[in-house]
$ cat start_11.tsv   # TSV, N, CA and C atoms
chain	number	residue	atom	x	y	z
A	913	MET	N	-11.02	-8.31	-14.32
A	913	MET	CA	-10.85	-6.88	-14.22
A	913	MET	C	-9.72	-6.57	-13.23
A	914	ILE	N	-8.90	-5.61	-13.60
A	914	ILE	CA	-7.79	-5.18	-12.75
A	914	ILE	C	-8.07	-3.76	-12.30
A	915	SER	N	-8.04	-3.56	-10.99
A	915	SER	CA	-8.20	-2.23	-10.40
A	915	SER	C	-6.92	-1.89	-9.66
A	916	VAL	N	-6.36	-0.73	-9.96
A	916	VAL	CA	-5.06	-0.35	-9.41
A	916	VAL	C	-5.16	1.05	-8.81
A	917	GLU	N	-4.72	1.18	-7.57
A	917	GLU	CA	-4.61	2.49	-6.91
A	917	GLU	C	-3.19	3.00	-7.12
A	918	LEU	N	-3.04	4.21	-7.64
A	918	LEU	CA	-1.73	4.77	-7.93
A	918	LEU	C	-1.28	5.69	-6.79
A	919	LYS	N	-0.14	5.39	-6.20
A	919	LYS	CA	0.43	6.19	-5.13
A	919	LYS	C	1.55	7.07	-5.70
A	920	PRO	N	2.04	8.02	-4.92
A	920	PRO	CA	3.17	8.83	-5.40
A	920	PRO	C	4.41	7.97	-5.62
A	921	SER	N	5.22	8.34	-6.61
A	921	SER	CA	6.45	7.61	-6.90
A	921	SER	C	7.64	8.52	-6.61
A	922	TYR	N	8.34	8.21	-5.52
A	922	TYR	CA	9.50	9.02	-5.14
A	922	TYR	C	10.70	8.69	-6.01
A	923	ILE	N	10.74	7.49	-6.56
A	923	ILE	CA	11.82	7.15	-7.51
A	923	ILE	C	11.68	7.99	-8.77
A	924	LEU	N	10.47	8.11	-9.29
A	924	LEU	CA	10.24	8.92	-10.48
A	924	LEU	C	10.55	10.39	-10.19
A	925	ALA	N	10.20	10.87	-9.01
A	925	ALA	CA	10.51	12.26	-8.65
A	925	ALA	C	12.02	12.49	-8.67
A	926	LEU	N	12.77	11.54	-8.14
A	926	LEU	CA	14.23	11.65	-8.13
A	926	LEU	C	14.80	11.61	-9.55
A	927	LEU	N	14.28	10.72	-10.38
A	927	LEU	CA	14.75	10.62	-11.77
A	927	LEU	C	14.45	11.89	-12.56
A	928	LEU	N	13.25	12.44	-12.37
A	928	LEU	CA	12.89	13.67	-13.08
A	928	LEU	C	13.76	14.84	-12.61
A	929	ALA	N	14.01	14.92	-11.31
A	929	ALA	CA	14.86	15.99	-10.79
A	929	ALA	C	16.29	15.86	-11.32
A	930	ALA	N	16.80	14.64	-11.39
A	930	ALA	CA	18.16	14.42	-11.90
A	930	ALA	C	18.26	14.79	-13.38
A	931	ALA	N	17.28	14.39	-14.17
A	931	ALA	CA	17.30	14.69	-15.60
A	931	ALA	C	17.20	16.20	-15.84
A	932	HIS	N	16.32	16.87	-15.14
A	932	HIS	CA	16.19	18.31	-15.30
A	932	HIS	C	17.44	19.03	-14.81
A	933	SER	N	18.01	18.57	-13.71
A	933	SER	CA	19.24	19.19	-13.19
A	933	SER	C	20.39	19.04	-14.18
A	934	GLY	N	20.49	17.88	-14.81
A	934	GLY	CA	21.51	17.68	-15.84
A	934	GLY	C	21.33	18.64	-17.01
A	935	ALA	N	20.09	18.83	-17.42
A	935	ALA	CA	19.81	19.76	-18.52
A	935	ALA	C	20.16	21.19	-18.12
A	936	ILE	N	19.85	21.55	-16.89
A	936	ILE	CA	20.19	22.89	-16.40
A	936	ILE	C	21.71	23.08	-16.38
A	937	PHE	N	22.42	22.06	-15.93
A	937	PHE	CA	23.88	22.12	-15.92
A	937	PHE	C	24.44	22.32	-17.33
A	938	LEU	N	23.89	21.61	-18.29
A	938	LEU	CA	24.35	21.78	-19.68
A	938	LEU	C	24.05	23.17	-20.22
A	939	ILE	N	22.90	23.71	-19.88
A	939	ILE	CA	22.56	25.06	-20.34
A	939	ILE	C	23.50	26.08	-19.73
A	940	LEU	N	23.83	25.89	-18.45
A	940	LEU	CA	24.74	26.83	-17.80
A	940	LEU	C	26.15	26.77	-18.38
A	941	ALA	N	26.50	25.66	-19.00
A	941	ALA	CA	27.82	25.52	-19.61
A	941	ALA	C	27.90	26.18	-20.99
A	942	LEU	N	26.75	26.50	-21.55
A	942	LEU	CA	26.73	27.13	-22.88
A	942	LEU	C	26.92	28.64	-22.77
A	943	PRO	N	27.66	29.23	-23.70
A	943	PRO	CA	27.87	30.68	-23.67
A	943	PRO	C	26.76	31.42	-24.42
A	944	ILE	N	25.55	31.40	-23.86
A	944	ILE	CA	24.43	32.09	-24.50
A	944	ILE	C	23.87	33.13	-23.54
A	945	SER	N	23.28	34.16	-24.11
A	945	SER	CA	22.81	35.28	-23.29
A	945	SER	C	21.47	35.02	-22.60
A	946	TYR	N	20.69	34.08	-23.08
A	946	TYR	CA	19.36	33.84	-22.51
A	946	TYR	C	19.34	32.61	-21.59
A	947	GLN	N	20.45	32.32	-20.94
A	947	GLN	CA	20.53	31.22	-19.98
A	947	GLN	C	19.50	31.33	-18.86
A	948	PRO	N	19.34	32.51	-18.24
A	948	PRO	CA	18.39	32.60	-17.12
A	948	PRO	C	16.97	32.21	-17.51
A	949	ILE	N	16.55	32.58	-18.70
A	949	ILE	CA	15.20	32.24	-19.17
A	949	ILE	C	15.07	30.73	-19.34
A	950	LEU	N	16.05	30.11	-19.97
A	950	LEU	CA	16.01	28.66	-20.17
A	950	LEU	C	16.04	27.92	-18.84
A	951	VAL	N	16.85	28.39	-17.90
A	951	VAL	CA	16.93	27.75	-16.58
A	951	VAL	C	15.59	27.86	-15.86
A	952	LEU	N	14.97	29.04	-15.92
A	952	LEU	CA	13.66	29.21	-15.28
A	952	LEU	C	12.60	28.32	-15.92
A	953	LEU	N	12.63	28.21	-17.24
A	953	LEU	CA	11.68	27.33	-17.93
A	953	LEU	C	11.87	25.87	-17.54
A	954	LEU	N	13.12	25.45	-17.46
A	954	LEU	CA	13.40	24.07	-17.04
A	954	LEU	C	13.00	23.82	-15.59
A	955	LEU	N	13.25	24.79	-14.72
A	955	LEU	CA	12.83	24.64	-13.32
A	955	LEU	C	11.30	24.54	-13.21
A	956	ALA	N	10.60	25.37	-13.97
A	956	ALA	CA	9.13	25.31	-13.96
A	956	ALA	C	8.65	23.96	-14.48
A	957	ASN	N	9.28	23.47	-15.55
A	957	ASN	CA	8.90	22.17	-16.09
A	957	ASN	C	9.22	21.05	-15.11
A	958	MET	N	10.34	21.15	-14.40
A	958	MET	CA	10.69	20.13	-13.41
A	958	MET	C	9.66	20.09	-12.29
A	959	ILE	N	9.27	21.24	-11.79
A	959	ILE	CA	8.27	21.29	-10.72
A	959	ILE	C	6.95	20.71	-11.20
A	960	HIS	N	6.52	21.11	-12.39
A	960	HIS	CA	5.26	20.59	-12.93
A	960	HIS	C	5.32	19.08	-13.14
A	961	SER	N	6.41	18.59	-13.72
A	961	SER	CA	6.54	17.16	-13.99
A	961	SER	C	6.53	16.33	-12.70
A	962	ILE	N	7.27	16.80	-11.72
A	962	ILE	CA	7.33	16.07	-10.45
A	962	ILE	C	5.98	16.08	-9.76
A	963	MET	N	5.32	17.24	-9.72
A	963	MET	CA	4.02	17.32	-9.04
A	963	MET	C	2.93	16.55	-9.76
A	964	HIS	N	2.96	16.54	-11.09
A	964	HIS	CA	1.90	15.86	-11.85
A	964	HIS	C	2.16	14.36	-12.02
A	965	HIS	N	3.33	14.00	-12.53
A	965	HIS	CA	3.60	12.61	-12.87
A	965	HIS	C	4.10	11.77	-11.70
A	966	ALA	N	4.93	12.36	-10.83
A	966	ALA	CA	5.54	11.58	-9.76
A	966	ALA	C	4.73	11.63	-8.46
A	967	LEU	N	4.47	12.82	-7.96
A	967	LEU	CA	3.78	12.95	-6.68
A	967	LEU	C	2.26	12.94	-6.82
A	968	ARG	N	1.77	13.16	-8.04
A	968	ARG	CA	0.34	13.13	-8.36
A	968	ARG	C	-0.47	14.07	-7.46
A	969	LEU	N	-0.03	15.33	-7.40
A	969	LEU	CA	-0.67	16.32	-6.53
A	969	LEU	C	-1.69	17.20	-7.25
A	970	PHE	N	-1.64	17.28	-8.57
A	970	PHE	CA	-2.56	18.14	-9.31
A	970	PHE	C	-3.95	17.49	-9.40
A	971	PRO	N	-4.99	18.30	-9.53
A	971	PRO	CA	-6.34	17.73	-9.68
A	971	PRO	C	-6.47	16.83	-10.91
A	972	ALA	N	-5.72	17.10	-11.97
A	972	ALA	CA	-5.80	16.29	-13.19
A	972	ALA	C	-4.82	15.12	-13.18
A	973	SER	N	-4.18	14.86	-12.04
A	973	SER	CA	-3.24	13.73	-11.93
A	973	SER	C	-4.02	12.43	-11.76
A	974	PRO	N	-3.51	11.33	-12.30
A	974	PRO	CA	-4.21	10.05	-12.16
A	974	PRO	C	-4.15	9.53	-10.73
A	975	SER	N	-5.27	8.97	-10.27
A	975	SER	CA	-5.30	8.40	-8.92
A	975	SER	C	-5.52	6.90	-8.93
A	976	SER	N	-6.25	6.40	-9.94
A	976	SER	CA	-6.45	4.96	-10.04
A	976	SER	C	-6.77	4.58	-11.48
A	977	LEU	N	-6.75	3.29	-11.71
A	977	LEU	CA	-6.88	2.75	-13.06
A	977	LEU	C	-7.69	1.47	-12.98
A	978	ARG	N	-8.59	1.28	-13.93
A	978	ARG	CA	-9.37	0.04	-13.99
A	978	ARG	C	-9.34	-0.46	-15.43
A	979	ILE	N	-8.87	-1.70	-15.60
A	979	ILE	CA	-8.79	-2.30	-16.92
A	979	ILE	C	-9.68	-3.53	-16.92
A	980	GLY	N	-10.72	-3.50	-17.73
A	980	GLY	CA	-11.63	-4.63	-17.85
A	980	GLY	C	-11.41	-5.36	-19.16
A	981	GLU	N	-12.32	-6.28	-19.44
A	981	GLU	CA	-12.22	-7.05	-20.68
A	981	GLU	C	-12.42	-6.17	-21.91
A	982	LYS	N	-13.40	-5.26	-21.83
A	982	LYS	CA	-13.71	-4.43	-22.99
A	982	LYS	C	-13.57	-2.94	-22.74
A	983	SER	N	-13.42	-2.55	-21.48
A	983	SER	CA	-13.33	-1.12	-21.18
A	983	SER	C	-12.15	-0.83	-20.27
A	984	CYS	N	-11.61	0.38	-20.41
A	984	CYS	CA	-10.51	0.84	-19.57
A	984	CYS	C	-10.86	2.24	-19.08
A	985	THR	N	-10.67	2.47	-17.79
A	985	THR	CA	-11.02	3.77	-17.21
A	985	THR	C	-9.88	4.26	-16.33
A	986	LEU	N	-9.56	5.54	-16.49
A	986	LEU	CA	-8.58	6.19	-15.64
A	986	LEU	C	-9.34	7.18	-14.77
A	987	TYR	N	-9.07	7.15	-13.47
A	987	TYR	CA	-9.72	8.05	-12.53
A	987	TYR	C	-8.71	9.11	-12.10
A	988	LEU	N	-9.14	10.37	-12.18
A	988	LEU	CA	-8.28	11.48	-11.81
A	988	LEU	C	-8.59	11.93	-10.39
A	989	ARG	N	-7.69	12.69	-9.79
A	989	ARG	CA	-7.87	13.17	-8.42
A	989	ARG	C	-9.09	14.08	-8.29
A	990	ASN	N	-9.44	14.78	-9.36
A	990	ASN	CA	-10.58	15.70	-9.30
A	990	ASN	C	-11.92	14.97	-9.47
A	991	GLY	N	-11.90	13.65	-9.54
A	991	GLY	CA	-13.13	12.87	-9.66
A	991	GLY	C	-13.52	12.54	-11.08
A	992	ARG	N	-12.83	13.08	-12.05
A	992	ARG	CA	-13.15	12.82	-13.46
A	992	ARG	C	-12.75	11.40	-13.83
A	993	GLU	N	-13.58	10.77	-14.64
A	993	GLU	CA	-13.31	9.43	-15.16
A	993	GLU	C	-13.07	9.54	-16.66
A	994	ILE	N	-11.99	8.91	-17.13
A	994	ILE	CA	-11.66	8.96	-18.54
A	994	ILE	C	-11.70	7.54	-19.10
A	995	ASP	N	-12.61	7.31	-20.02
A	995	ASP	CA	-12.62	6.03	-20.74
A	995	ASP	C	-11.61	6.14	-21.86
A	996	PHE	N	-10.80	5.11	-22.03
A	996	PHE	CA	-9.73	5.21	-23.00
A	996	PHE	C	-9.46	3.89	-23.69
A	997	SER	N	-8.66	3.99	-24.76
A	997	SER	CA	-8.14	2.81	-25.43
A	997	SER	C	-6.63	2.96	-25.48
A	998	PHE	N	-5.93	1.85	-25.44
A	998	PHE	CA	-4.47	1.89	-25.42
A	998	PHE	C	-3.92	2.28	-26.78
A	999	ALA	N	-2.89	3.11	-26.75
A	999	ALA	CA	-2.15	3.42	-27.97
A	999	ALA	C	-1.18	2.26	-28.21
A	1000	GLY	N	-0.72	2.13	-29.41
A	1000	GLY	CA	0.14	1.00	-29.75
A	1000	GLY	C	1.52	1.04	-29.13
A	1001	ASN	N	1.92	2.16	-28.56
A	1001	ASN	CA	3.28	2.28	-28.06
A	1001	ASN	C	3.37	2.25	-26.53
A	1002	THR	N	2.46	1.57	-25.87
A	1002	THR	CA	2.55	1.38	-24.42
A	1002	THR	C	3.77	0.51	-24.13
A	1003	TYR	N	4.55	0.92	-23.13
A	1003	TYR	CA	5.80	0.22	-22.79
A	1003	TYR	C	5.61	-0.52	-21.47
A	1004	VAL	N	5.99	-1.81	-21.46
A	1004	VAL	CA	5.84	-2.64	-20.27
A	1004	VAL	C	7.15	-3.35	-19.98
A	1005	SER	N	7.68	-3.16	-18.76
A	1005	SER	CA	8.86	-3.89	-18.30
A	1005	SER	C	8.72	-4.10	-16.79
A	1006	PRO	N	9.56	-4.94	-16.20
A	1006	PRO	CA	9.44	-5.18	-14.75
A	1006	PRO	C	9.72	-3.95	-13.89
A	1007	SER	N	10.50	-3.00	-14.39
A	1007	SER	CA	10.85	-1.84	-13.57
A	1007	SER	C	10.14	-0.55	-13.98
A	1008	LEU	N	9.50	-0.55	-15.13
A	1008	LEU	CA	8.83	0.64	-15.63
A	1008	LEU	C	7.71	0.27	-16.58
A	1009	THR	N	6.57	0.90	-16.38
A	1009	THR	CA	5.46	0.75	-17.31
A	1009	THR	C	4.96	2.14	-17.68
A	1010	VAL	N	4.86	2.39	-18.97
A	1010	VAL	CA	4.34	3.67	-19.45
A	1010	VAL	C	3.07	3.36	-20.25
A	1011	LEU	N	1.94	3.76	-19.69
A	1011	LEU	CA	0.66	3.54	-20.37
A	1011	LEU	C	0.41	4.74	-21.28
A	1012	ASN	N	0.39	4.50	-22.54
A	1012	ASN	CA	0.02	5.53	-23.52
A	1012	ASN	C	-1.38	5.20	-23.99
A	1013	PHE	N	-2.27	6.16	-23.87
A	1013	PHE	CA	-3.65	5.88	-24.22
A	1013	PHE	C	-4.29	7.10	-24.87
A	1014	ARG	N	-5.37	6.80	-25.56
A	1014	ARG	CA	-6.14	7.83	-26.26
A	1014	ARG	C	-7.53	7.86	-25.64
A	1015	GLU	N	-7.90	9.05	-25.20
A	1015	GLU	CA	-9.23	9.26	-24.63
A	1015	GLU	C	-10.28	9.02	-25.71
A	1016	ALA	N	-11.41	8.46	-25.31
A	1016	ALA	CA	-12.48	8.20	-26.27
A	1016	ALA	C	-12.90	9.52	-26.94
A	1017	GLY	N	-12.88	9.55	-28.26
A	1017	GLY	CA	-13.27	10.73	-29.01
A	1017	GLY	C	-12.18	11.79	-29.13
A	1018	SER	N	-10.96	11.45	-28.79
A	1018	SER	CA	-9.87	12.42	-28.85
A	1018	SER	C	-8.75	11.90	-29.72
A	1019	HIS	N	-7.97	12.81	-30.26
A	1019	HIS	CA	-6.82	12.42	-31.07
A	1019	HIS	C	-5.52	12.50	-30.28
A	1020	PHE	N	-5.58	13.11	-29.10
A	1020	PHE	CA	-4.39	13.30	-28.29
A	1020	PHE	C	-4.05	12.05	-27.49
A	1021	ILE	N	-2.77	11.82	-27.30
A	1021	ILE	CA	-2.31	10.69	-26.51
A	1021	ILE	C	-1.84	11.20	-25.15
A	1022	ARG	N	-2.28	10.54	-24.09
A	1022	ARG	CA	-1.84	10.85	-22.73
A	1022	ARG	C	-1.02	9.69	-22.22
A	1023	SER	N	-0.21	9.95	-21.20
A	1023	SER	CA	0.66	8.92	-20.63
A	1023	SER	C	0.53	8.88	-19.12
A	1024	VAL	N	0.65	7.67	-18.58
A	1024	VAL	CA	0.75	7.47	-17.14
A	1024	VAL	C	1.98	6.62	-16.91
A	1025	VAL	N	2.90	7.14	-16.08
A	1025	VAL	CA	4.14	6.43	-15.78
A	1025	VAL	C	3.95	5.68	-14.47
A	1026	ILE	N	4.25	4.38	-14.49
A	1026	ILE	CA	4.09	3.55	-13.30
A	1026	ILE	C	5.41	2.86	-13.00
A	1027	LEU	N	5.94	3.14	-11.81
A	1027	LEU	CA	7.14	2.47	-11.32
A	1027	LEU	C	6.74	1.57	-10.16
A	1028	PRO	N	7.60	0.63	-9.78
A	1028	PRO	CA	7.23	-0.33	-8.73
A	1028	PRO	C	6.90	0.30	-7.38
A	1029	ASP	N	7.38	1.51	-7.10
A	1029	ASP	CA	7.12	2.10	-5.79
A	1029	ASP	C	5.77	2.80	-5.69
A	1030	CYS	N	5.02	2.88	-6.78
A	1030	CYS	CA	3.73	3.58	-6.72
A	1030	CYS	C	2.54	2.63	-6.82
A	1031	ILE	N	2.80	1.35	-6.72
A	1031	ILE	CA	1.73	0.36	-6.86
A	1031	ILE	C	2.12	-0.89	-6.07
A	1032	GLU	N	1.13	-1.61	-5.59
A	1032	GLU	CA	1.41	-2.84	-4.86
A	1032	GLU	C	2.06	-3.86	-5.80
A	1033	ARG	N	2.94	-4.67	-5.26
A	1033	ARG	CA	3.73	-5.60	-6.07
A	1033	ARG	C	2.85	-6.56	-6.89
A	1034	GLU	N	1.88	-7.17	-6.27
A	1034	GLU	CA	1.02	-8.13	-6.98
A	1034	GLU	C	0.16	-7.43	-8.03
A	1035	SER	N	-0.33	-6.26	-7.71
A	1035	SER	CA	-1.13	-5.49	-8.69
A	1035	SER	C	-0.27	-5.09	-9.89
A	1036	PHE	N	0.99	-4.72	-9.61
A	1036	PHE	CA	1.90	-4.34	-10.70
A	1036	PHE	C	2.18	-5.54	-11.59
A	1037	ARG	N	2.37	-6.70	-11.01
A	1037	ARG	CA	2.61	-7.91	-11.80
A	1037	ARG	C	1.39	-8.23	-12.67
A	1038	ARG	N	0.19	-8.20	-12.07
A	1038	ARG	CA	-1.03	-8.49	-12.82
A	1038	ARG	C	-1.25	-7.48	-13.95
A	1039	LEU	N	-0.97	-6.21	-13.66
A	1039	LEU	CA	-1.11	-5.17	-14.68
A	1039	LEU	C	-0.15	-5.41	-15.84
A	1040	ARG	N	1.10	-5.73	-15.54
A	1040	ARG	CA	2.07	-5.97	-16.61
A	1040	ARG	C	1.69	-7.18	-17.46
A	1041	VAL	N	1.24	-8.25	-16.81
A	1041	VAL	CA	0.81	-9.44	-17.57
A	1041	VAL	C	-0.37	-9.10	-18.46
A	1042	ARG	N	-1.33	-8.35	-17.92
A	1042	ARG	CA	-2.50	-7.98	-18.71
A	1042	ARG	C	-2.12	-7.11	-19.90
A	1043	LEU	N	-1.20	-6.17	-19.68
A	1043	LEU	CA	-0.79	-5.28	-20.76
A	1043	LEU	C	0.03	-5.99	-21.82
A	1044	LYS	N	0.79	-7.00	-21.43
A	1044	LYS	CA	1.56	-7.78	-22.41
A	1044	LYS	C	0.63	-8.50	-23.39
A	1045	TRP	N	-0.52	-8.93	-22.89
A	1045	TRP	CA	-1.44	-9.71	-23.71
A	1045	TRP	C	-2.57	-8.88	-24.30
A	1046	LYS	N	-2.58	-7.59	-24.06
A	1046	LYS	CA	-3.65	-6.70	-24.55
A	1046	LYS	C	-3.44	-6.40	-26.00

$ encode --input "start_11.tsv" --output "structure tokens"
Amino acid sequence: MISVELKPSYILALLLAAAHSGAIFLILALPISYQPILVLLLLANMIHSIMHHALRLFPASPSSLRIGEKSCTLYLRNGREIDFSFAGNTYVSPSLTVLNFREAGSHFIRSVVILPDCIERESFRRLRVRLKWK
């Protein structure tokens, strides 16, 4: 069984801010009348993405993960436990892991982004090995 505590990822926060800033820059370069609305929407999405996925400040943000032989559980900051199964498109690499999973009894797919700065090095290695063979 692998138990992983998820910490905030400042690298992911920086990447999300850079991507959103680039999109805002492109929108500002377009000659359209509704630029302010699009910019505000992108800013709102950037704040939400950084707070939820990178800094993990929302109550529904993931705080830890447990992967066993037959069961997988995601623990949220609000105390909720989600039993899940992996979706077929989970991505695993040494610098980035994206867990795509389906909650038991649900059709929706959720994702947890894990970078090396939000998890202990040995735990990250064990998690990647486990996911490669899952």

$ closest_residue --input "start_11.tsv" --among "A:Arg989, A:Gly1000, A:Thr1009, A:Val1025" --to "Leu928 (chain A)" --atoms "only C-alpha atoms"
A:Val1025

$ closest_residue --input "start_11.tsv" --among "A:Ile994, A:Pro948, A:His965, A:Leu955" --to "Ser1023 (chain A)" --atoms "all atoms listed in the file"
A:His965

$ atom_distance --input "start_11.tsv" --atom1 "atom C of Phe970 (chain A)" --atom2 "CA of Pro920 (chain A)"
11.9 Å

$ atom_distance --input "start_11.tsv" --atom1 "CA of Ser1035 (chain A)" --atom2 "atom N of Ala1016 (chain A)"
24.0 Å

$ residues_around --input "start_11.tsv" --residues "region 934-938 of chain A" --least-positions-apart "3" --cutoff "10 Å" --atoms "only C-alpha atoms" --output "PyMOL selection string"
chain A and resi 928-931+941-942+947-948+950-955

$ closest_residue --input "start_11.tsv" --among "A:Leu967, A:Leu1039, A:Ile1026, A:Val1004" --to "Ser921 (chain A)" --atoms "all atoms listed in the file"
A:Leu967

$ select_by_dssp --input "start_11.tsv" --residues "region 960-1029 of chain A" --states "helix (DSSP H, G or I)" --output "list in words"
His960, Ser961, Ile962, Met963, His964, His965, Ala966, Pro1028 and Asp1029 of chain A

$ atom_distance --input "start_11.tsv" --atom1 "CA of His960 (chain A)" --atom2 "CA of Ile1031 (chain A)"
21.4 Å

$ closest_residue --input "start_11.tsv" --among "A:Ala956, A:Ser975, A:Glu993, A:Glu981" --to "Val916 (chain A)" --atoms "only N, CA and C atoms"
A:Ser975

$ residues_around --input "start_11.tsv" --residues "Cys1030 (chain A)" --least-positions-apart "2" --cutoff "5 Å" --atoms "all atoms listed in the file" --output "ChimeraX atom specification"
/A:918-921,1027-1028,1032

$ select_by_dssp --input "start_11.tsv" --residues "chain A" --states "strand (DSSP E)" --output "PyMOL selection string"
chain A and resi 914-917+974-979+984-988+993-998+1003-1004+1009-1015+1021-1026

$ axis_aligned_box --input "start_11.tsv" --around "region 935-944 of chain A" --padding-each-side "6 Å" --output "lines of an AutoDock Vina configuration file"
center_x = 23.9
center_y = 26.0
center_z = -20.2
size_x = 20.1
size_y = 26.3
size_z = 20.6

$ residues_around --input "start_11.tsv" --residues "Phe996 (chain A)" --least-positions-apart "6" --cutoff "7 Å" --atoms "only N, CA and C atoms" --output "ChimeraX atom specification"
/A:983-986,1013-1016
